[in-house]
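Q: You'll find data38.csv just under this line, and it carries CSV, C-alpha atoms and all ligand atoms.
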```csv
chain,number,residue,atom,x,y,z
A,15,MET,CA,0.0,0.0,0.0
A,16,SER,CA,2.8,2.5,0.6
A,17,THR,CA,5.4,4.0,-1.7
A,18,ARG,CA,8.5,6.0,-0.8
A,19,ALA,CA,8.9,9.5,-2.2
A,20,PRO,CA,12.6,10.4,-2.7
A,21,GLY,CA,14.3,11.7,0.5
A,22,ASN,CA,10.9,11.7,2.3
A,23,ALA,CA,8.8,9.5,4.5
A,24,PRO,CA,6.5,7.0,2.6
A,25,ARG,CA,3.2,8.2,1.2
A,26,VAL,CA,0.1,6.2,0.9
A,27,GLU,CA,-1.8,5.0,-2.1
A,28,PRO,CA,-5.6,5.2,-2.0
A,29,PRO,CA,-7.2,2.2,-0.2
A,30,GLU,CA,-8.3,-0.8,-2.2
A,31,GLU,CA,-11.9,-2.0,-2.0
A,32,THR,CA,-11.0,-5.3,-0.6
A,33,VAL,CA,-9.6,-3.9,2.7
A,34,GLY,CA,-11.1,-5.9,5.6
A,35,LEU,CA,-13.1,-8.3,3.4
A,36,LEU,CA,-12.9,-12.1,3.3
A,37,PRO,CA,-10.1,-13.3,1.2
A,38,ASP,CA,-10.9,-15.4,-1.9
A,39,ASN,CA,-9.4,-18.6,-0.5
A,40,TYR,CA,-11.8,-18.7,2.6
A,41,PRO,CA,-12.8,-22.4,2.6
A,42,ARG,CA,-16.3,-23.0,1.4
A,43,SER,CA,-16.9,-25.6,4.1
A,44,ALA,CA,-16.0,-23.1,6.8
A,45,LEU,CA,-18.4,-20.6,5.3
A,46,ALA,CA,-21.2,-23.2,5.3
A,47,LEU,CA,-20.6,-24.2,8.9
A,48,THR,CA,-20.6,-20.5,10.0
A,49,ALA,CA,-23.9,-19.9,8.1
A,50,LEU,CA,-25.5,-22.9,9.8
A,51,ARG,CA,-24.3,-21.9,13.3
A,52,HIS,CA,-24.9,-18.2,12.9
A,53,PRO,CA,-27.5,-17.6,10.2
A,54,LEU,CA,-27.5,-13.8,10.9
A,55,SER,CA,-23.9,-13.6,10.0
A,56,ILE,CA,-24.7,-13.9,6.2
A,57,PRO,CA,-26.9,-10.8,5.9
A,58,ARG,CA,-24.5,-9.0,8.2
A,59,PHE,CA,-21.6,-10.0,6.0
A,60,LEU,CA,-23.4,-8.7,2.9
A,61,SER,CA,-24.3,-5.3,4.5
A,62,SER,CA,-20.7,-4.9,5.8
A,63,ARG,CA,-19.5,-5.5,2.2
A,64,LEU,CA,-21.7,-2.7,1.0
A,65,ALA,CA,-20.5,-0.5,3.9
A,66,TYR,CA,-16.9,-1.0,2.8
A,67,ARG,CA,-17.7,0.5,-0.6
A,68,SER,CA,-18.1,3.9,1.1
A,69,ASN,CA,-14.3,3.8,1.6
A,70,LEU,CA,-13.8,4.4,-2.2
A,71,ARG,CA,-15.7,7.7,-2.0
A,72,HIS,CA,-13.9,8.9,1.1
A,73,SER,CA,-10.2,8.4,0.5
A,74,ARG,CA,-8.9,11.5,-1.1
A,75,GLY,CA,-7.2,12.9,2.0
A,76,ILE,CA,-5.6,9.7,3.0
A,77,ALA,CA,-3.9,9.3,-0.4
A,78,GLY,CA,-1.4,12.1,0.4
A,79,VAL,CA,-0.8,11.5,4.0
A,80,ARG,CA,2.7,11.2,5.5
A,81,LEU,CA,3.6,8.0,7.3
A,82,GLU,CA,5.8,8.3,10.5
A,83,PRO,CA,8.3,5.7,11.6
A,84,PRO,CA,7.2,4.0,14.8
A,85,ASP,CA,9.5,6.0,17.1
A,86,GLU,CA,8.3,9.3,15.6
A,87,PHE,CA,4.6,8.2,15.8
A,88,PHE,CA,5.1,7.3,19.4
A,89,ARG,CA,6.7,10.7,20.2
A,90,SER,CA,3.7,12.4,18.5
A,91,LEU,CA,1.3,10.6,20.7
A,92,THR,CA,3.1,10.9,24.0
A,93,GLY,CA,4.4,14.4,23.9
A,94,GLY,CA,8.0,13.4,23.1
A,95,LYS,CA,8.5,10.1,25.0
A,96,GLU,CA,10.8,7.5,23.6
A,97,LEU,CA,9.5,4.2,22.3
A,98,SER,CA,12.6,2.4,23.4
A,99,SER,CA,11.9,3.4,27.0
A,100,PHE,CA,8.9,1.0,27.1
A,101,PRO,CA,10.1,-2.3,25.6
A,102,VAL,CA,7.5,-4.9,25.2
A,103,GLN,CA,8.4,-7.9,27.4
A,104,THR,CA,9.9,-10.8,25.5
A,105,PRO,CA,7.4,-13.5,26.8
A,106,VAL,CA,4.5,-11.3,25.6
A,107,LEU,CA,5.9,-11.1,22.1
A,108,GLU,CA,6.9,-14.8,22.1
A,109,GLY,CA,3.4,-15.7,23.3
A,110,LEU,CA,1.8,-13.7,20.4
A,111,VAL,CA,4.0,-15.3,17.8
A,112,MET,CA,3.4,-18.8,19.2
A,113,THR,CA,-0.4,-18.2,19.2
A,114,PHE,CA,-0.3,-17.0,15.6
A,115,ARG,CA,1.5,-20.2,14.7
A,116,ARG,CA,-0.9,-22.4,16.7
A,117,ILE,CA,-4.0,-20.8,15.0
A,118,GLY,CA,-2.3,-21.3,11.6
A,119,GLU,CA,-1.6,-24.9,12.2
A,120,GLU,CA,-5.0,-25.8,13.7
A,121,TYR,CA,-6.7,-23.9,10.8
A,122,SER,CA,-4.8,-25.8,8.1
A,123,ARG,CA,-5.5,-29.1,9.9
A,124,ARG,CA,-9.3,-28.5,10.1
A,125,TRP,CA,-9.9,-26.9,6.7
A,126,ASN,CA,-7.1,-28.3,4.7
A,127,SER,CA,-6.3,-24.7,3.7
A,128,PRO,CA,-3.8,-22.0,4.8
A,129,LEU,CA,-5.1,-19.4,7.2
A,130,ALA,CA,-7.1,-17.0,5.3
A,131,GLN,CA,-7.9,-14.6,8.1
A,132,GLY,CA,-4.5,-14.2,9.7
A,133,SER,CA,-4.3,-10.6,8.4
A,134,SER,CA,-7.2,-9.5,10.6
A,135,ALA,CA,-5.0,-9.6,13.8
A,136,LEU,CA,-2.8,-6.8,15.0
A,137,ASP,CA,0.5,-6.6,13.2
A,138,LEU,CA,3.5,-7.5,15.4
A,139,ASN,CA,5.2,-4.1,15.1
A,140,ASP,CA,1.9,-2.3,15.8
A,141,ALA,CA,1.5,-4.6,18.8
A,142,ARG,CA,4.9,-3.3,20.2
A,143,VAL,CA,3.7,0.4,19.7
A,144,LEU,CA,0.3,-0.3,21.2
A,145,TYR,CA,1.9,-2.0,24.3
A,146,ALA,CA,4.3,0.9,24.7
A,147,LEU,CA,1.5,3.5,24.4
A,148,VAL,CA,-0.5,1.9,27.2
A,149,ARG,CA,2.6,1.7,29.3
A,150,ALA,CA,3.6,5.3,28.7
A,151,ARG,CA,0.1,6.8,29.2
A,152,THR,CA,-1.1,4.6,32.0
A,153,PRO,CA,-4.8,4.9,31.2
A,154,ARG,CA,-7.3,3.8,33.9
A,155,THR,CA,-10.0,3.0,31.3
A,156,VAL,CA,-9.4,1.7,27.7
A,157,ILE,CA,-12.2,1.0,25.2
A,158,GLU,CA,-11.6,-1.1,22.1
A,159,THR,CA,-14.0,-2.2,19.3
A,160,GLY,CA,-13.2,-5.4,17.3
A,161,VAL,CA,-11.9,-8.4,19.3
A,162,SER,CA,-11.9,-11.4,17.0
A,163,ASP,CA,-9.3,-13.8,18.4
A,164,GLY,CA,-8.2,-11.1,20.9
A,165,PHE,CA,-4.6,-10.1,20.0
A,166,SER,CA,-5.1,-6.4,20.6
A,167,SER,CA,-7.0,-7.2,23.8
A,168,LEU,CA,-4.1,-9.4,25.0
A,169,VAL,CA,-1.5,-6.7,24.3
A,170,ILE,CA,-3.5,-4.0,26.1
A,171,LEU,CA,-4.2,-6.2,29.0
A,172,GLU,CA,-0.5,-7.2,29.4
A,173,ALA,CA,0.4,-3.5,29.4
A,174,LEU,CA,-2.3,-2.7,32.0
A,175,GLU,CA,-1.1,-5.6,34.1
A,176,GLU,CA,2.5,-4.3,33.9
A,177,ASN,CA,1.2,-0.8,34.9
A,178,GLY,CA,-0.5,-2.3,37.9
A,179,GLY,CA,-4.0,-0.8,37.2
A,180,GLY,CA,-6.6,-0.1,34.6
A,181,THR,CA,-9.6,-1.8,32.9
A,182,LEU,CA,-10.2,-2.7,29.3
A,183,HIS,CA,-13.7,-2.7,27.8
A,184,SER,CA,-13.9,-4.6,24.5
A,185,ILE,CA,-16.8,-4.5,22.1
A,186,ASP,CA,-17.2,-7.2,19.4
A,187,LEU,CA,-19.8,-8.5,17.0
A,188,PRO,CA,-18.5,-11.9,15.8
A,189,GLU,CA,-18.7,-12.4,12.0
A,190,ILE,CA,-17.7,-14.9,9.3
A,191,GLY,CA,-14.0,-15.6,9.8
A,192,ALA,CA,-13.7,-13.8,13.1
A,193,PRO,CA,-12.6,-15.4,15.4
A,194,SER,CA,-10.3,-17.2,12.9
A,195,LEU,CA,-11.2,-20.6,14.4
A,196,ILE,CA,-14.9,-21.4,14.1
A,197,GLY,CA,-16.4,-22.3,17.5
A,198,ARG,CA,-14.0,-20.2,19.5
A,199,ALA,CA,-15.3,-17.3,21.6
A,200,PRO,CA,-14.2,-13.7,20.9
A,201,GLY,CA,-11.0,-13.0,22.7
A,202,TRP,CA,-10.2,-16.7,23.3
A,203,VAL,CA,-6.4,-16.0,23.2
A,204,VAL,CA,-6.7,-13.9,26.4
A,205,PRO,CA,-5.4,-16.0,29.3
A,206,GLU,CA,-7.3,-16.4,32.6
A,207,ARG,CA,-4.7,-14.4,34.6
A,208,LEU,CA,-5.5,-11.2,32.6
A,209,ARG,CA,-9.3,-11.6,32.6
A,210,PRO,CA,-10.0,-9.8,35.9
A,211,ARG,CA,-9.2,-6.5,34.2
A,212,TRP,CA,-11.3,-7.3,31.1
A,213,ARG,CA,-15.0,-6.6,30.3
A,214,LEU,CA,-16.3,-8.0,27.0
A,215,HIS,CA,-19.5,-6.6,25.5
A,216,LEU,CA,-21.0,-8.4,22.5
A,217,GLY,CA,-23.0,-6.5,19.8
A,218,PRO,CA,-22.5,-3.9,17.1
A,219,SER,CA,-20.5,-0.9,18.2
A,220,ARG,CA,-23.3,1.3,16.8
A,221,ARG,CA,-25.5,0.0,19.6
A,222,VAL,CA,-23.0,-0.9,22.4
A,223,LEU,CA,-20.6,2.0,22.2
A,224,PRO,CA,-23.1,4.8,23.1
A,225,LYS,CA,-24.4,2.7,26.0
A,226,LEU,CA,-20.9,2.1,27.3
A,227,LEU,CA,-20.0,5.8,27.0
A,228,ARG,CA,-22.9,6.6,29.3
A,229,GLU,CA,-21.4,4.3,31.9
A,230,ILE,CA,-17.8,5.5,31.2
A,231,PRO,CA,-18.2,9.1,30.3
A,232,ARG,CA,-14.4,9.8,30.3
A,233,PRO,CA,-12.4,6.9,28.8
A,234,GLU,CA,-8.7,7.7,28.5
A,235,MET,CA,-7.8,5.6,25.5
A,236,PHE,CA,-9.8,4.2,22.6
A,237,LEU,CA,-8.8,1.7,19.9
A,238,HIS,CA,-10.9,1.1,16.8
A,239,ASP,CA,-10.4,-2.3,15.1
A,240,SER,CA,-14.0,-3.3,14.2
A,241,GLU,CA,-15.5,-2.7,10.7
A,242,HIS,CA,-13.2,-0.4,8.9
A,243,SER,CA,-15.8,1.3,6.7
A,244,TYR,CA,-15.9,5.0,6.5
A,245,THR,CA,-19.4,5.2,8.0
A,246,ASN,CA,-18.5,3.0,11.0
A,247,MET,CA,-15.2,4.7,11.7
A,248,ARG,CA,-16.7,8.1,11.4
A,249,PHE,CA,-19.4,7.0,13.8
A,250,GLU,CA,-17.0,5.5,16.4
A,251,PHE,CA,-14.6,8.5,16.2
A,252,SER,CA,-17.3,11.1,16.6
A,253,SER,CA,-18.8,9.2,19.5
A,254,VAL,CA,-15.6,8.9,21.4
A,255,LEU,CA,-13.4,12.0,20.6
A,256,PRO,CA,-15.6,14.6,22.5
A,257,ARG,CA,-15.5,12.2,25.5
A,258,LEU,CA,-11.8,11.6,25.6
A,259,GLY,CA,-11.2,14.9,27.4
A,260,ALA,CA,-8.0,16.9,27.3
A,261,SER,CA,-5.6,14.0,27.8
A,262,GLY,CA,-7.2,11.3,25.8
A,263,LEU,CA,-5.8,9.2,23.0
A,264,LEU,CA,-7.7,7.8,20.1
A,265,LEU,CA,-6.1,4.9,18.1
A,266,SER,CA,-7.2,3.1,15.0
A,267,ASP,CA,-5.9,-0.1,13.4
A,268,ASP,CA,-6.1,0.0,9.6
A,269,ALA,CA,-6.3,3.8,10.0
A,270,ARG,CA,-5.7,4.3,6.3
A,271,SER,CA,-8.8,2.5,5.1
A,272,ASN,CA,-10.4,5.9,4.4
A,273,ASP,CA,-10.4,9.6,5.5
A,274,ALA,CA,-12.3,9.1,8.8
A,275,LEU,CA,-9.4,9.8,11.1
A,276,ILE,CA,-8.3,12.9,9.2
A,277,GLU,CA,-11.8,14.3,9.2
A,278,ALA,CA,-12.3,13.5,12.9
A,279,ALA,CA,-9.2,15.4,13.9
A,280,GLN,CA,-10.3,18.4,11.8
A,281,GLU,CA,-13.8,18.3,13.4
A,282,HIS,CA,-12.9,17.6,17.1
A,283,GLY,CA,-9.4,19.1,17.4
A,284,GLY,CA,-6.0,17.4,17.5
A,285,ARG,CA,-3.7,16.1,14.8
A,286,ALA,CA,-4.1,12.8,13.0
A,287,SER,CA,-0.8,10.8,12.9
A,288,PHE,CA,-0.2,7.7,10.8
A,289,CYS,CA,2.4,5.1,11.6
A,290,GLU,CA,4.3,3.1,8.9
A,291,GLY,CA,2.4,0.0,10.1
A,292,ARG,CA,-1.4,0.1,10.2
A,293,LEU,CA,-2.0,2.2,13.3
A,294,GLY,CA,-3.1,5.8,13.3
A,295,GLY,CA,-4.0,8.1,16.2
A,296,ILE,CA,-5.1,11.4,17.5
A,297,ALA,CA,-3.8,12.8,20.8
A,298,ARG,CA,-5.9,15.7,21.9
A,299,GLY,CA,-4.3,19.1,22.3
A,300,SER,CA,-1.7,19.5,24.9
A,301,ALA,CA,-2.8,16.2,26.2
A,302,ALA,CA,-0.3,14.6,24.0
A,303,VAL,CA,1.8,14.8,27.2
A,304,GLY,CA,1.0,11.6,28.9
A,401,LIG,C1,-10.0,-6.9,12.5
A,401,LIG,S1,-10.9,-7.9,13.6
A,401,LIG,C2,-10.2,-7.5,15.2
A,401,LIG,C3,-8.8,-8.0,15.4
A,401,LIG,C4,-8.4,-7.8,16.8
A,401,LIG,N1,-8.4,-6.4,17.2
A,401,LIG,C5,-7.0,-8.5,17.0
A,401,LIG,O1,-6.0,-7.7,17.1
A,401,LIG,O2,-7.0,-9.7,17.1
A,401,LIG,C6,-12.4,-7.2,13.5
A,401,LIG,C7,-13.4,-7.7,14.6
A,401,LIG,O3,-14.5,-6.7,14.6
A,401,LIG,C8,-15.8,-7.4,14.6
A,401,LIG,N2,-16.8,-6.4,14.1
A,401,LIG,C9,-17.1,-6.2,12.8
A,401,LIG,N3,-18.0,-5.3,12.7
A,401,LIG,C10,-18.3,-4.9,13.9
A,401,LIG,C11,-19.2,-3.9,14.5
A,401,LIG,N4,-20.0,-3.2,13.8
A,401,LIG,N5,-19.2,-3.8,15.9
A,401,LIG,C12,-18.4,-4.5,16.7
A,401,LIG,N6,-17.5,-5.4,16.2
A,401,LIG,C13,-17.5,-5.6,14.8
A,401,LIG,C14,-15.5,-8.6,13.7
A,401,LIG,O4,-16.4,-9.6,13.9
A,401,LIG,C15,-14.1,-9.0,14.2
A,401,LIG,O5,-14.2,-9.8,15.3
```
Could you quickly redo this structure as structure tokens?
Ligand SMILES: C[S@@+](CC[C@H](N)C(=O)[O-])C[C@H]1O[C@@H](n2cnc3c(N)ncnc32)[C@H](O)[C@@H]1O
A:
Amino acid sequence: MSTRAPGNAPRVEPPEETVGLLPDNYPRSALALTALRHPLSIPRFLSSRLAYRSNLRHSRGIAGVRLEPPDEFFRSLTGGKELSSFPVQTPVLEGLVMTFRRIGEEYSRRWNSPLAQGSSALDLNDARVLYALVRARTPRTVIETGVSDGFSSLVILEALEENGGGTLHSIDLPEIGAPSLIGRAPGWVVPERLRPRWRLHLGPSRRVLPKLLREIPRPEMFLHDSEHSYTNMRFEFSSVLPRLGASGLLLSDDARSNDALIEAAQEHGGRASFCEGRLGGIARGSAAVG
């Protein structure tokens, strides 16, 4: 997706229509089993396919955006702190890699096909940055949308545990291919020892997020990783940004799917930053200082 302009940071190409959709090699038998177990997932899949088309009409701004290397991105969102001061612990990263491998192997065994949905999980470099952001900003309350297998939940919870405080509220509407292994519960990779800090809310973010924000009027950090359609991202960002307060941080995975993050920053104040991985974020005003 990215190209490098001479002597400059990489710039982004406009998003492709397929971002976030099922890959062509998704096994037919897995699809049929999901349809049997969760009949509603089929109309939902079709409507989400339509929603993704809105990205094509709202991607002019993103095409020219400048991508920051992870350390610069981290400084932008923490008021100048150094990424290297918050190293992710080796067992956490090793655990992530081993779980990716386990899912891949089990998936191939069951469906006689390579893992088609592996790309939906948080990228490993982004996982490092996410972990460090939670460590550096020590939020008491984090909200995320989009759980699937639960890799981002796991990373946030490990960082909260290391901080010694904080709660993660995760919202998820399971769909075809998420979680990657059919029959698993959303967030199944999160171990028991981290669950006391975790609240999982099932349902579409359009319904659950407003309800949750009434209970938690001032979250300190938000991560979007649910449906990356322009309409859904605009909805989640406009719901959360005014509530984040002066020191809040909004993050988005697949932030370059469309112009939603850029427009949200223009509307609600703050600067949208985009990392060379898939993360983007807005730290509000002076609050960038964690
Ligand atoms: C990209 S995956 C999340 C990956 C996860 N953050 C990780 O790192 O492993 C997207 C998840 O969002 C869910 N989802 C899709 N549309 C949603 C919606 N409108 N509200 C809540 N969750 C949604 C999908 O079922 C899927 O579980």
Q: Determine, using only C-alpha atoms and all ligand atoms, which residues of chain A have any atom at most 8 Å from an atom of ligand LIG 401 (chain A), and tabulate each with its shortest atom pair and distance in Å to one decimal place, rows ordered by chain and then rising number, as a Markdown table.
A:
```
| residue | atom | partner | partner_atom | distance |
| --- | --- | --- | --- | --- |
| A:Gly34 | CA | A:LIG401 | C1 | 7.1 |
| A:Ser62 | CA | A:LIG401 | N3 | 7.4 |
| A:Ser133 | CA | A:LIG401 | C1 | 7.9 |
| A:Ser134 | CA | A:LIG401 | C1 | 4.3 |
| A:Ala135 | CA | A:LIG401 | O2 | 3.9 |
| A:Leu136 | CA | A:LIG401 | O1 | 3.9 |
| A:Asp137 | CA | A:LIG401 | O1 | 7.7 |
| A:Glu158 | CA | A:LIG401 | N1 | 7.9 |
| A:Thr159 | CA | A:LIG401 | C12 | 5.6 |
| A:Gly160 | CA | A:LIG401 | O3 | 3.3 |
| A:Val161 | CA | A:LIG401 | C4 | 4.3 |
| A:Ser162 | CA | A:LIG401 | O5 | 3.3 |
| A:Asp163 | CA | A:LIG401 | O2 | 4.9 |
| A:Gly164 | CA | A:LIG401 | O2 | 4.2 |
| A:Phe165 | CA | A:LIG401 | O2 | 3.8 |
| A:Ser166 | CA | A:LIG401 | O1 | 3.8 |
| A:Ser167 | CA | A:LIG401 | O1 | 6.8 |
| A:Ile185 | CA | A:LIG401 | C12 | 5.6 |
| A:Asp186 | CA | A:LIG401 | N6 | 3.7 |
| A:Leu187 | CA | A:LIG401 | N6 | 3.9 |
| A:Pro188 | CA | A:LIG401 | O4 | 3.6 |
| A:Glu189 | CA | A:LIG401 | O4 | 4.1 |
| A:Ile190 | CA | A:LIG401 | O4 | 7.1 |
| A:Gly191 | CA | A:LIG401 | O4 | 7.7 |
| A:Ala192 | CA | A:LIG401 | O5 | 4.6 |
| A:Pro193 | CA | A:LIG401 | O5 | 5.8 |
| A:Pro200 | CA | A:LIG401 | O5 | 6.8 |
| A:Gly201 | CA | A:LIG401 | O2 | 7.6 |
| A:Leu216 | CA | A:LIG401 | C12 | 7.5 |
| A:Gly217 | CA | A:LIG401 | C12 | 5.9 |
| A:Pro218 | CA | A:LIG401 | N5 | 3.5 |
| A:Ser219 | CA | A:LIG401 | N5 | 3.9 |
| A:Arg220 | CA | A:LIG401 | N4 | 6.3 |
| A:His238 | CA | A:LIG401 | N1 | 7.9 |
| A:Asp239 | CA | A:LIG401 | N1 | 5.0 |
| A:Ser240 | CA | A:LIG401 | O3 | 3.5 |
| A:Glu241 | CA | A:LIG401 | N3 | 4.1 |
| A:His242 | CA | A:LIG401 | N3 | 7.8 |
| A:Asn246 | CA | A:LIG401 | N4 | 7.0 |
| A:Asp267 | CA | A:LIG401 | N1 | 7.8 |
```
Q: Just C-alpha atoms for this one: save the residues we selected as a compact mmCIF listing (two decimals), keeping the file's coordinate frame.
A:
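Final output, saved to part_29.txt:
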```txt
# COMPACT_ATOMS: atom_id res chain seq x y z
CA GLY A 34 -11.10 -5.90 5.60
CA SER A 62 -20.70 -4.90 5.80
CA SER A 133 -4.30 -10.60 8.40
CA SER A 134 -7.20 -9.50 10.60
CA ALA A 135 -5.00 -9.60 13.80
CA LEU A 136 -2.80 -6.80 15.00
CA ASP A 137 0.50 -6.60 13.20
CA GLU A 158 -11.60 -1.10 22.10
CA THR A 159 -14.00 -2.20 19.30
CA GLY A 160 -13.20 -5.40 17.30
CA VAL A 161 -11.90 -8.40 19.30
CA SER A 162 -11.90 -11.40 17.00
CA ASP A 163 -9.30 -13.80 18.40
CA GLY A 164 -8.20 -11.10 20.90
CA PHE A 165 -4.60 -10.10 20.00
CA SER A 166 -5.10 -6.40 20.60
CA SER A 167 -7.00 -7.20 23.80
CA ILE A 185 -16.80 -4.50 22.10
CA ASP A 186 -17.20 -7.20 19.40
CA LEU A 187 -19.80 -8.50 17.00
CA PRO A 188 -18.50 -11.90 15.80
CA GLU A 189 -18.70 -12.40 12.00
CA ILE A 190 -17.70 -14.90 9.30
CA GLY A 191 -14.00 -15.60 9.80
CA ALA A 192 -13.70 -13.80 13.10
CA PRO A 193 -12.60 -15.40 15.40
CA PRO A 200 -14.20 -13.70 20.90
CA GLY A 201 -11.00 -13.00 22.70
CA LEU A 216 -21.00 -8.40 22.50
CA GLY A 217 -23.00 -6.50 19.80
CA PRO A 218 -22.50 -3.90 17.10
CA SER A 219 -20.50 -0.90 18.20
CA ARG A 220 -23.30 1.30 16.80
CA HIS A 238 -10.90 1.10 16.80
CA ASP A 239 -10.40 -2.30 15.10
CA SER A 240 -14.00 -3.30 14.20
CA GLU A 241 -15.50 -2.70 10.70
CA HIS A 242 -13.20 -0.40 8.90
CA ASN A 246 -18.50 3.00 11.00
CA ASP A 267 -5.90 -0.10 13.40
```
Q: With all atoms listed in the file as the basis for distance, which of A:Ala274, A:Glu250, A:Ile157, A:Arg257 is at the shortest distance from A:Arg213?
A: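 Among the listed residues, A:Ile157 lies closest to A:Arg213.
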Q: Can you list, as a PyMOL selection string, every protein, DNA or RNA residue that comes within 10 Å of A:Asn272 when you count only C-alpha atoms, leaving out same-chain residues fewer than 3 positions away?
A: chain A and resi 28-30+33+66+68-77+242-245+247-248+268-269+275-277
Q: Excluding A:Gly178 and residues on its chain fewer than 2 positions from it, collect all residues at most 12 Å away from it, counting all atoms listed in the file, and give them as a list of chain:residue names.
A: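 Counting only the stated atoms, we get A:Val148, A:Arg149, A:Thr152, A:Pro153, A:Arg154, A:Leu171, A:Glu172, A:Ala173, A:Leu174, A:Glu175, A:Glu176, A:Gly180, A:Thr181, A:Leu208, A:Arg211.
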Q: Calculate how many Å separate atom CA of A:Arg198 from atom CA of A:Glu229, rounding to one decimal.
A: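 Between atom CA of A:Arg198 and atom CA of A:Glu229 the gap works out to 28.4 Å.
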Q: Identify which of the residues A:Ala286, A:Val203, A:Leu147, A:Leu258 lies closest to A:Arg270, counting only C-alpha atoms when measuring atom-to-atom distances.
A: A:Ala286
Q: Mind pulling up the distance from atom CA of A:Arg115 to atom CA of A:Gly295?
A: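 Separation of atom CA of A:Gly295 and atom CA of A:Arg115: 28.9 Å.
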Q: What does the distance from atom CA of A:Ala150 to atom CA of A:Val254 come to in Å, to one decimal?
A: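 Between atom CA of A:Ala150 and atom CA of A:Val254 the gap works out to 20.9 Å.
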Q: Counting all atoms listed in the file, which residues come within 9 Å of (-12.6, 10.0, 23.2), with the point read in the file's coordinates, and could you list them as a VMD selection string?
A: chain A and resid 232 to 236 251 to 259 262 to 264 298
Q: Just checking: using all atoms listed in the file, which residue out of A:His183, A:Arg151, A:Arg123, A:Arg209 ends up closest to A:Thr92?
A: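 Checking each of A:His183, A:Arg151, A:Arg123, A:Arg209 against A:Thr92, counting all atoms listed in the file, the winner is A:Arg151.
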Q: Dump as CSV the rows for residues of stretch 65-157 of chain A within 12 Å of stretch 282-285 of chain A: closest atom pair and distance in Å with one decimal, all atoms listed in the file counted, ordered by chain and rising residue number.
A:
```
residue,atom,partner,partner_atom,distance
A:Phe87,CA,A:Arg285,CA,11.5
A:Ser90,CA,A:Arg285,CA,9.1
A:Leu91,CA,A:Arg285,CA,9.5
```
Q: Could you check which of A:Pro210, A:Gly197, A:Pro205, A:Gly118 is closest to A:Leu50, using only C-alpha atoms?
A: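 Ranking A:Pro210, A:Gly197, A:Pro205, A:Gly118 by distance to A:Leu50, first place goes to A:Gly197.
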Q: Could you check the closest approach to A:Leu227 for each of A:Val156, A:Met112, A:Val143, A:Cys289 and tell me which residue wins, using all atoms listed in the file?
A: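 Smallest separation from A:Leu227 among the options: A:Val156.
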Q: If we count all atoms listed in the file and set the cut-off at 12 Å, which residues sit around A:Glu86, ignoring sequence neighbours fewer than 3 positions away in its own chain? Please answer as a PyMOL selection string.
A: chain A and resi 23+80-83+89-98+143+287-290
